[in-house]
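Asker: One structure follows; several queries about it will come next.
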There are 2 protein chains.
Amino acid sequence: MLDICLLGTGGMLPLPNRWLTSLMTRFQGSNLLIDCGEGTQIAIKEKGWSFKSIDTICFTHYHADHISGLPGLLLSMGNSGRTEPVLLIGPIGLIETVTALRTIAPELPFCIEYLELTQPQQTIARFGYHLSAFRVNHNIACYGYTIEIPRAGKFQIEKALKLNLPKQYWGRLQRGETIEIDGNNITPDAVLGESRKGIKLTYCTDTRPVPAIIEAAKSSDLLICEGMYGELDQQEKANKYKHMTFHEAAHLAKQAEVTKMWLTHYSPSLTNPEKFIDDIRDIFPNVEAGEDGKSTLLTFEE
Amino acid sequence: MLDICLLGTGGMLPLPNRWLTSLMTRFQGSNLLIDCGEGTQIAIKEKGWSFKSIDTICFTHYHADHISGLPGLLLSMGNSGRTEPVLLIGPIGLIETVTALRTIAPELPFCIEYLELTQPQQTIARFGYHLSAFRVNHNIACYGYTIEIPRAGKFQIEKALKLNLPKQYWGRLQRGETIEIDGNNITPDAVLGESRKGIKLTYCTDTRPVPAIIEAAKSSDLLICEGMYGELDQQEKANKYKHMTFHEAAHLAKQAEVTKMWLTHYSPSLTNPEKFIDDIRDIFPNVEAGEDGKSTLLTFEE
């Protein structure tokens, strides 16, 4: 189960009624944050989720609205009692940018580890899930992210019985462990069926629509995607500032064959995103306007 | 008339219902800000005051809760169309700290000027008022600020008549201008009475109670003062972290003989500051608990 909260939905400016776009996820006690603009720590507090469990912070890019809240968040994580390391991930420039911002947050009770993204696509294993970064097309280096929770195949009792496997080992094999019996290694695939559909979440903001997004988001259960402009006549602006309209996001969702899409990262001038949602349902029906604090739980299919 | 808004009242952490402590003043179209923590720009927006007119930003010190909102504010000031220079004032380290934070706000359509405070007490003239910084006692270099608007003496009609001054010059002399008639300079003091009581505002947070505050705040119309802890049993914490209790602030206000005091910069654990106000009215009666957005207009006495 992947617990998801879209903490904010604003682009450019934090507004009195709209936090800057940021996503937080929880999976088996491990909390991940994507982007941290001014006020994100307040949005986390409003949601009631834990600072202390944040072990991974990803940055799409280093425009202020995506990272300005980092020094305050790091201090609050320290005040919450965190002592375990925190991994920061982002485009090249991560160490330099974070070091500069830490001028006002120099003392922390935990280590910071850095992963600077250098490739168009990079995947790492975190606490039970796979985190992938994929390069998108903004006016500075920018990445989107996917979180994938793999799901093993069904346990095949008949195979276990055939191997004369004592029942005490069944659970461990099902959880993916290799066990040793009488000097022989038994791997999970010996008793599991074909791996099943897992959970997939894709997040991307601050980009033009590019094929890399379709590829990365393919068959996601949820795509959280930038919709900077609702009005069709803002297309020129979207092109110029390397953002997207609702229509463009809808076409991406359709092509990526995702189950559902939430829009976010609205222009400050887009006061009522809901108003433009119906216009794009013809392109991609299962779309919702993201709003601050919008949450869901992605679960394995029955 | 000095227009005053206490934008936030929180110390350490921005909270869902409490912005970080910051003060904004307006005088004849010139806006001044003291401190700019995470979220201050949102509090300004809530108040409805202009980013564009901010020409002076003072910092008490560089703990994150007092400066973390600067990059976002500078960008918003740029977006609001400001092109005139902005003066930043603060303890030594100002240029280094702001330069580091501007890693995420590198391009601005206005110049930034810096005044690093090196003396225990420094005064500069701004747009019609005097701005003084005075060093206080925190665990890093920290300053309080006073704003004083001087008031000229009353226009003495009998003196003007005696000098045979044409009426067309009276207004200019009253506004403090020197005029020239037939090659002779006439200075305002030739027609004005003794200068009268002006307007004085003092602001100080993040300090132990020290004589410099009493001296600087002397006879202020309003003292906005830190009250980190309401409970008397927090005295040890106040000593240790170099903050103040409500009681200590009340004694300062009494000794400085100010007209009124607002408390601010509450500890996140102090959820209801109002509760402790009555306890200190015996020491200094005209005290109020500051709250986000609390505003007033200081005017010349009749």
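In the structure tokens, the first chain shown is A, the next is B, and so on; residue numbers restart at 1 for each chain, and ligands run from 1 in the order shown.
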Stretch 1-152 of chain B: which residues are alpha helix (DSSP H) by DSSP, as a PyMOL selection string?

Answerer: chain B and resi 40-47+64-67+70-79+94-101

Asker: Report as a ChimeraX atom specification the set of chain A residues whose atoms approach chain B to within 8 Å, with distances computed over only C-alpha atoms.

Answerer: /A:13-16,38-39,42-43,45-46,62-65,68-69,71-72,76,97,100-101,103-105

Asker: Among stretch 126-292 of chain A, which residues does DSSP mark as strand (DSSP E) when it is run on the backbone? Keep the chain and numbering as in the structure and answer as a VMD selection string.

Answerer: chain A and resid 130 to 135 143 to 151 179 to 181 184 to 186 196 to 204 222 to 226 261 to 264 287 to 289

Asker: Quick one: of A:Cys142, A:Leu252, A:Leu131, A:Val258, who's nearest to A:Phe59, counting only C-alpha atoms?

Answerer: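 So, comparing all the options, the nearest one is A:Cys142.
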
Asker: Could you check which of B:Met24, B:Leu87, B:Gly171, B:Glu291 is closest to B:Glu274, using only C-alpha atoms?

Answerer: B:Glu291

Asker: For the atom pair atom CA of A:Lys197 and atom CA of A:Ile277, what is the interatomic distance in Å to one decimal place?

Answerer: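 Answer for the atom CA of A:Lys197 to atom CA of A:Ile277 separation: 29.2 Å.
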
Asker: Using only C-alpha atoms, find the one residue out of B:Thr259, B:Gln235, B:Thr60, B:Thr207 that sits nearest to B:Glu116.

Answerer: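 Among the listed residues, the smallest separation from B:Glu116 belongs to B:Thr60.
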